[in-house]
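Structure file work-v3.txt; described as compact mmCIF, C-alpha atoms and all ligand atoms.
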```
# COMPACT_ATOMS: atom_id res chain seq x y z
CA MET A 1 -9.40 8.44 18.61
CA ARG A 2 -10.71 11.80 17.49
CA PRO A 3 -13.84 12.69 19.52
CA GLY A 4 -16.94 11.71 17.59
CA PHE A 5 -15.07 9.35 15.23
CA ARG A 6 -16.58 5.87 15.07
CA TRP A 7 -14.02 3.57 13.48
CA ASP A 8 -16.66 0.96 12.60
CA SER A 9 -19.19 3.31 11.02
CA ALA A 10 -17.83 3.30 7.43
CA ASP A 11 -19.42 1.23 4.65
CA ALA A 12 -16.08 0.38 3.06
CA TYR A 13 -12.45 0.15 4.16
CA LEU A 14 -9.38 0.67 2.01
CA PHE A 15 -6.27 -1.10 3.32
CA ASP A 16 -2.68 -0.26 2.53
CA ILE A 17 -0.54 -3.43 2.18
CA ASP A 18 3.05 -3.00 3.43
CA GLY A 19 3.21 -2.27 7.14
CA THR A 20 -0.59 -2.35 7.46
CA LEU A 21 -1.77 -5.79 6.33
CA LEU A 22 1.64 -7.45 6.26
CA ASN A 23 5.39 -7.00 6.42
CA SER A 24 7.59 -8.76 3.89
CA ARG A 25 10.30 -10.92 5.49
CA ASP A 26 12.04 -11.44 2.15
CA ALA A 27 13.88 -9.26 -0.36
CA VAL A 28 12.05 -10.32 -3.53
CA HIS A 29 10.43 -6.93 -4.08
CA TYR A 30 13.57 -5.04 -2.96
CA PHE A 31 15.84 -6.79 -5.47
CA ALA A 32 13.31 -6.44 -8.28
CA PHE A 33 13.79 -2.64 -8.31
CA ARG A 34 17.55 -2.90 -8.72
CA ASN A 35 17.52 -5.78 -11.18
CA ALA A 36 14.88 -4.22 -13.43
CA ILE A 37 16.83 -0.95 -13.66
CA GLN A 38 20.03 -2.88 -14.30
CA ALA A 39 18.48 -5.02 -17.04
CA GLU A 40 16.65 -2.18 -18.78
CA LEU A 41 19.16 0.68 -18.51
CA GLY A 42 22.44 -1.00 -17.59
CA LEU A 43 22.68 1.21 -14.50
CA GLU A 44 23.67 0.11 -11.00
CA ALA A 45 20.96 2.04 -9.20
CA SER A 46 20.09 1.33 -5.60
CA ILE A 47 16.93 2.15 -3.69
CA ASP A 48 18.88 2.27 -0.41
CA ASN A 49 18.94 6.08 -0.36
CA VAL A 50 15.34 6.50 -1.44
CA PRO A 51 12.48 6.91 1.06
CA VAL A 52 10.48 3.73 0.43
CA HIS A 53 8.01 3.69 3.32
CA GLY A 54 4.81 5.37 2.24
CA ASN A 55 6.22 5.86 -1.26
CA THR A 56 4.83 4.14 -4.38
CA ASP A 57 6.77 1.72 -6.61
CA PRO A 58 6.89 4.18 -9.56
CA GLY A 59 7.83 6.94 -7.10
CA ILE A 60 10.70 4.80 -5.75
CA LEU A 61 11.91 4.02 -9.30
CA ARG A 62 11.75 7.69 -10.27
CA ALA A 63 13.73 8.78 -7.19
CA ALA A 64 16.38 6.08 -7.78
CA LEU A 65 16.75 7.14 -11.44
CA GLN A 66 16.88 10.84 -10.53
CA GLN A 67 19.82 9.99 -8.28
CA GLN A 68 21.46 8.50 -11.38
CA GLY A 69 21.06 11.85 -13.14
CA LEU A 70 18.20 10.92 -15.47
CA ALA A 71 15.78 13.67 -16.47
CA ASP A 72 12.11 13.28 -15.57
CA ALA A 73 10.96 13.04 -19.19
CA GLU A 74 13.35 10.17 -19.85
CA ILE A 75 12.34 8.43 -16.63
CA THR A 76 8.68 8.70 -17.62
CA SER A 77 9.37 7.14 -21.03
CA ARG A 78 11.48 4.33 -19.52
CA LEU A 79 9.22 3.43 -16.59
CA PRO A 80 6.76 1.11 -18.40
CA LYS A 81 9.50 -1.31 -19.50
CA ILE A 82 11.25 -1.24 -16.11
CA ILE A 83 7.93 -1.91 -14.41
CA GLU A 84 7.20 -4.80 -16.77
CA ARG A 85 10.55 -6.35 -15.84
CA MET A 86 9.94 -5.80 -12.12
CA CYS A 87 6.57 -7.52 -12.23
CA ALA A 88 8.00 -10.42 -14.25
CA GLU A 89 10.83 -10.90 -11.75
CA VAL A 90 8.53 -10.90 -8.71
CA MET A 91 6.27 -13.37 -10.53
CA ARG A 92 9.27 -15.66 -11.22
CA ASN A 93 10.35 -15.44 -7.56
CA LYS A 94 6.93 -15.59 -5.96
CA ALA A 95 7.79 -18.81 -4.11
CA GLY A 96 10.30 -16.73 -2.14
CA LEU A 97 7.72 -14.24 -0.84
CA ARG A 98 7.52 -14.40 2.96
CA PRO A 99 4.76 -12.08 4.08
CA GLU A 100 4.13 -11.85 7.82
CA ILE A 101 0.57 -10.77 8.51
CA CYS A 102 0.38 -7.91 11.03
CA PRO A 103 -1.07 -8.62 14.48
CA SER A 104 -4.85 -9.22 14.57
CA ILE A 105 -5.33 -8.26 10.91
CA ARG A 106 -7.14 -11.55 10.24
CA GLU A 107 -9.48 -10.84 13.17
CA LEU A 108 -10.09 -7.28 11.99
CA ILE A 109 -10.89 -8.45 8.45
CA PHE A 110 -13.16 -11.18 9.81
CA GLN A 111 -15.05 -8.73 12.01
CA LEU A 112 -15.48 -6.16 9.24
CA ARG A 113 -16.70 -8.79 6.80
CA GLN A 114 -19.11 -10.19 9.40
CA ALA A 115 -20.48 -6.67 9.72
CA GLY A 116 -21.08 -6.57 5.95
CA LYS A 117 -18.37 -4.03 5.18
CA LEU A 118 -16.85 -3.76 1.72
CA LEU A 119 -13.07 -4.28 1.81
CA GLY A 120 -10.57 -3.04 -0.74
CA VAL A 121 -6.85 -2.57 -1.10
CA ALA A 122 -5.15 0.76 -1.88
CA SER A 123 -1.40 0.34 -2.12
CA GLY A 124 1.63 1.94 -3.76
CA ASN A 125 2.68 -1.53 -4.94
CA LEU A 126 2.53 -2.38 -8.63
CA ALA A 127 -0.62 -4.41 -9.25
CA ALA A 128 1.13 -7.71 -9.96
CA VAL A 129 3.45 -7.33 -6.96
CA GLY A 130 0.68 -6.36 -4.54
CA ARG A 131 -1.55 -9.21 -5.62
CA LEU A 132 1.28 -11.74 -5.29
CA LYS A 133 2.02 -10.56 -1.75
CA LEU A 134 -1.65 -10.86 -0.79
CA GLU A 135 -1.83 -14.30 -2.40
CA ALA A 136 1.27 -15.45 -0.51
CA ALA A 137 -0.35 -14.18 2.71
CA GLY A 138 -3.61 -15.98 1.91
CA LEU A 139 -5.48 -12.68 2.01
CA VAL A 140 -6.33 -12.03 -1.63
CA SER A 141 -9.88 -13.43 -1.46
CA GLU A 142 -10.78 -11.15 1.46
CA PHE A 143 -10.88 -8.08 -0.78
CA SER A 144 -13.44 -7.08 -3.40
CA PHE A 145 -11.43 -4.44 -5.26
CA TRP A 146 -7.89 -3.13 -5.65
CA ALA A 147 -6.20 0.18 -6.33
CA PHE A 148 -2.51 -0.06 -7.13
CA SER A 149 0.19 2.17 -8.60
CA HIS A 150 1.18 2.63 -12.27
CA PRO A 151 0.13 4.56 -14.14
CA ARG A 152 -0.80 6.27 -10.87
CA GLU A 153 2.36 7.47 -9.14
CA LEU A 154 1.03 9.55 -6.23
CA ARG A 155 -0.50 7.89 -3.19
CA SER A 156 -3.38 10.39 -3.23
CA GLU A 157 -4.23 9.29 -6.82
CA ILE A 158 -4.24 5.65 -5.71
CA PHE A 159 -6.53 6.41 -2.76
CA GLN A 160 -8.77 8.44 -5.07
CA ASP A 161 -9.01 5.43 -7.40
CA GLY A 162 -9.87 3.18 -4.42
CA LEU A 163 -12.53 5.60 -3.22
CA ARG A 164 -14.03 5.75 -6.72
CA GLN A 165 -14.21 1.95 -6.91
CA ALA A 166 -15.71 1.71 -3.41
CA CYS A 167 -18.45 4.16 -4.38
CA GLU A 168 -19.10 2.28 -7.63
CA ILE A 169 -19.79 -0.87 -5.64
CA ALA A 170 -21.29 0.44 -2.40
CA GLY A 171 -23.09 3.49 -3.77
CA ARG A 172 -22.27 7.09 -4.49
CA ASN A 173 -22.70 8.21 -0.88
CA ALA A 174 -20.79 5.32 0.67
CA LYS A 175 -18.62 6.25 3.63
CA VAL A 176 -15.10 5.00 3.07
CA CYS A 177 -12.30 4.82 5.63
CA ILE A 178 -8.60 4.36 4.81
CA VAL A 179 -6.30 2.21 6.94
CA GLY A 180 -2.55 2.84 6.68
CA ASP A 181 0.75 2.81 8.53
CA THR A 182 2.72 5.88 7.37
CA PRO A 183 2.57 9.68 7.54
CA SER A 184 2.16 9.56 3.71
CA ASP A 185 -1.01 7.51 4.12
CA ILE A 186 -2.43 10.06 6.55
CA GLN A 187 -1.46 12.98 4.32
CA ALA A 188 -2.83 11.37 1.14
CA ALA A 189 -6.06 10.42 2.89
CA ARG A 190 -6.46 14.06 3.97
CA GLN A 191 -6.07 15.14 0.33
CA THR A 192 -8.98 12.89 -0.62
CA GLY A 193 -11.12 13.96 2.34
CA ALA A 194 -11.51 10.39 3.62
CA PRO A 195 -11.02 9.54 7.30
CA VAL A 196 -7.90 7.54 8.11
CA ILE A 197 -6.97 5.03 10.78
CA ALA A 198 -3.23 4.67 11.42
CA LEU A 199 -1.74 1.39 12.66
CA ALA A 200 1.84 1.48 13.99
CA THR A 201 2.73 -1.94 12.58
CA GLY A 202 5.16 -0.68 9.92
CA VAL A 203 8.34 1.31 10.53
CA PHE A 204 6.65 4.35 12.11
CA ASN A 205 5.80 4.24 15.79
CA PHE A 206 2.59 5.29 17.49
CA GLU A 207 3.84 8.77 18.49
CA GLN A 208 5.12 9.55 14.97
CA LEU A 209 1.76 8.63 13.44
CA LEU A 210 -0.28 10.38 16.12
CA ALA A 211 1.66 13.59 15.42
CA CYS A 212 0.29 13.51 11.83
CA GLY A 213 -3.28 13.83 13.11
CA PRO A 214 -5.07 10.69 11.88
CA ASP A 215 -8.72 10.19 12.88
CA ALA A 216 -7.61 7.24 14.99
CA CYS A 217 -4.24 5.76 15.85
CA PHE A 218 -3.42 2.36 17.35
CA ALA A 219 -0.31 0.32 18.06
CA CYS A 220 -1.91 -2.53 16.11
CA ALA A 221 -5.28 -3.88 15.00
CA ALA A 222 -5.72 -5.72 18.32
CA ASP A 223 -5.99 -2.34 20.09
CA LEU A 224 -8.50 -1.17 17.50
CA LEU A 225 -10.65 -4.25 18.08
CA ALA A 226 -10.49 -3.68 21.83
CA VAL A 227 -12.22 -0.28 21.50
MG MG A 301 2.42 0.99 4.12
```
Kindly return the structure encoded in the file as structure tokens.
Ligand SMILES: [Mg+2]
Amino acid sequence: MRPGFRWDSADAYLFDIDGTLLNSRDAVHYFAFRNAIQAELGLEASIDNVPVHGNTDPGILRAALQQQGLADAEITSRLPKIIERMCAEVMRNKAGLRPEICPSIRELIFQLRQAGKLLGVASGNLAAVGRLKLEAAGLVSEFSFWAFSHPRELRSEIFQDGLRQACEIAGRNAKVCIVGDTPSDIQAARQTGAPVIALATGVFNFEQLLACGPDACFACAADLLAV
């Protein structure tokens, strides 16, 4: 923990979803990328060679389509339909979602809510996909507001949207803290000026996250609660 940083002193907390609140033990979201591109463009595009962790859904689609040789302007014009198909597919397959809630996340949420904190979600997921994952995890009612991707494509834009919503609810001078699991979360939080807590419950380990200079870094939420 950075000297002087009090993790519990914020008025509002913005949580990333994948790797922070939960990890998906299914491939519903994964296949939706490929199938939506296939159905809309007739292309066999894969997201296997695209950095997905810390990326946003539109960012992943754009990278996969760039690998297929599509120009950015065409990708931009095609994205809305592809995204519509993706959301529809995840909705159809929602019974197959198998989210595994990260260690002590329920306890952390409980403690923050007991302390009267405002809780929101800021995730690179498409809105429909993110909400379905939270619903499947039984977490959706814990949060008061949501910032998702599309039309926002950059993580920093999503965090900015979350911060704006937090300040609309909790007041213009509300202190907001971001909780994430990737170097991208730390970097995007820095761009917004908000403090960031990193939890090594996704694919990045404690040392990798610590090296990015978050305000606080923990192996999981249990360690955070033990402070
Ligand atoms: Mg994440």
Arg131 (chain A) surroundings by only C-alpha atoms, 12 Å radius, close-in-sequence under 2 positions cut, as a ChimeraX atom specification
/A:17-18,87,90-91,94,97,99,120-129,133-143,145-149
Closest contacts (chain A/ligand MG 301 (chain A), max 7 Å, all atoms listed in the file) as a Markdown table:
```
| residue | atom | partner | partner_atom | distance |
| --- | --- | --- | --- | --- |
| A:Asp16 | CA | A:MG301 | MG | 5.5 |
| A:Ile17 | CA | A:MG301 | MG | 5.7 |
| A:Asp18 | CA | A:MG301 | MG | 4.1 |
| A:Gly19 | CA | A:MG301 | MG | 4.5 |
| A:Thr20 | CA | A:MG301 | MG | 5.6 |
| A:His53 | CA | A:MG301 | MG | 6.3 |
| A:Gly54 | CA | A:MG301 | MG | 5.3 |
| A:Gly180 | CA | A:MG301 | MG | 5.9 |
| A:Asp181 | CA | A:MG301 | MG | 5.1 |
| A:Thr182 | CA | A:MG301 | MG | 5.9 |
| A:Gly202 | CA | A:MG301 | MG | 6.6 |
```
Report, in Å with one decimal, the straight-line distance from CA of Ser184 (chain A) to CA of Cys217 (chain A).
14.2 Å
Closest contacts (region 11-91 of chain A/region 153-174 of chain A, max 12 Å, only C-alpha atoms) as a Markdown table:
```
| residue | atom | partner | partner_atom | distance |
| --- | --- | --- | --- | --- |
| A:Asp11 | CA | A:Ala174 | CA | 5.9 |
| A:Ala12 | CA | A:Ala166 | CA | 6.6 |
| A:Tyr13 | CA | A:Ala166 | CA | 8.4 |
| A:Leu14 | CA | A:Gly162 | CA | 6.9 |
| A:Phe15 | CA | A:Gly162 | CA | 9.5 |
| A:Asp16 | CA | A:Phe159 | CA | 9.3 |
| A:His53 | CA | A:Arg155 | CA | 11.5 |
| A:Gly54 | CA | A:Arg155 | CA | 8.0 |
| A:Asn55 | CA | A:Arg155 | CA | 7.3 |
| A:Thr56 | CA | A:Glu153 | CA | 6.3 |
| A:Asp57 | CA | A:Glu153 | CA | 7.7 |
| A:Pro58 | CA | A:Glu153 | CA | 5.6 |
| A:Gly59 | CA | A:Glu153 | CA | 5.9 |
| A:Ile60 | CA | A:Glu153 | CA | 9.4 |
| A:Leu61 | CA | A:Glu153 | CA | 10.2 |
| A:Arg62 | CA | A:Glu153 | CA | 9.5 |
| A:Ala63 | CA | A:Glu153 | CA | 11.6 |
| A:Thr76 | CA | A:Glu153 | CA | 10.6 |
| A:Leu79 | CA | A:Glu153 | CA | 10.9 |
```
Distance CA of Ser46 (chain A)-CA of Ala71 (chain A), one decimal place?
17.0 Å
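CA of Gly130 (chain A) is positioned 19.8 Å from CA of Ala198 (chain A).
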Proximity to Ala216 (chain A) - best of A:Leu70, A:Val50, A:Ala36, A:Met1, only C-alpha atoms:
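Nearest candidate to Ala216 (chain A) out of A:Leu70, A:Val50, A:Ala36, A:Met1: A:Met1.
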Rank A:Arg2, A:Arg25, A:Lys117, A:Arg34 by their smallest atom-to-atom distance to Ala64 (chain A), using all atoms listed in the file, and report the top residue only.
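So, comparing all the options, the nearest one is A:Arg34.
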Go through A:Pro151, A:Pro183, A:Gly116, A:Gly193 one by one, measure the shortest atom-to-atom distance of each to Ala10 (chain A) using only C-alpha atoms, and give the residue with the smallest value.
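Looking only at the distances to Ala10 (chain A), the closest residue turns out to be A:Gly116.
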Residue nearest Glu84 (chain A) - candidates A:Ile186, A:Ala39, A:Ala45, A:Ala219, atoms counted: all atoms listed in the file:
A:Ala39
Quick one: residues within 10 Å of Ile109 (chain A), all atoms listed in the file, excluding same-chain residues fewer than 2 positions away - as a list in words?
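Close residues of Ile109 (chain A): Tyr13, Leu21, Ser104, Ile105, Arg106, Glu107, Gln111, Leu112, Arg113, Gln114, Ala115, Lys117, Leu119, Leu139, Glu142, Phe143 and Ala221 of chain A.
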Which residue out of A:Val28, A:Ile82, A:Ile178, A:Leu118 has the minimum interatomic distance to Gly96 (chain A) when all atoms listed in the file are used?
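So, comparing all the options, the nearest one is A:Val28.
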Of A:Cys177, A:Ala222, A:Ala188, A:Leu43, the one nearest to Gln66 (chain A) when counting only C-alpha atoms is A:Leu43
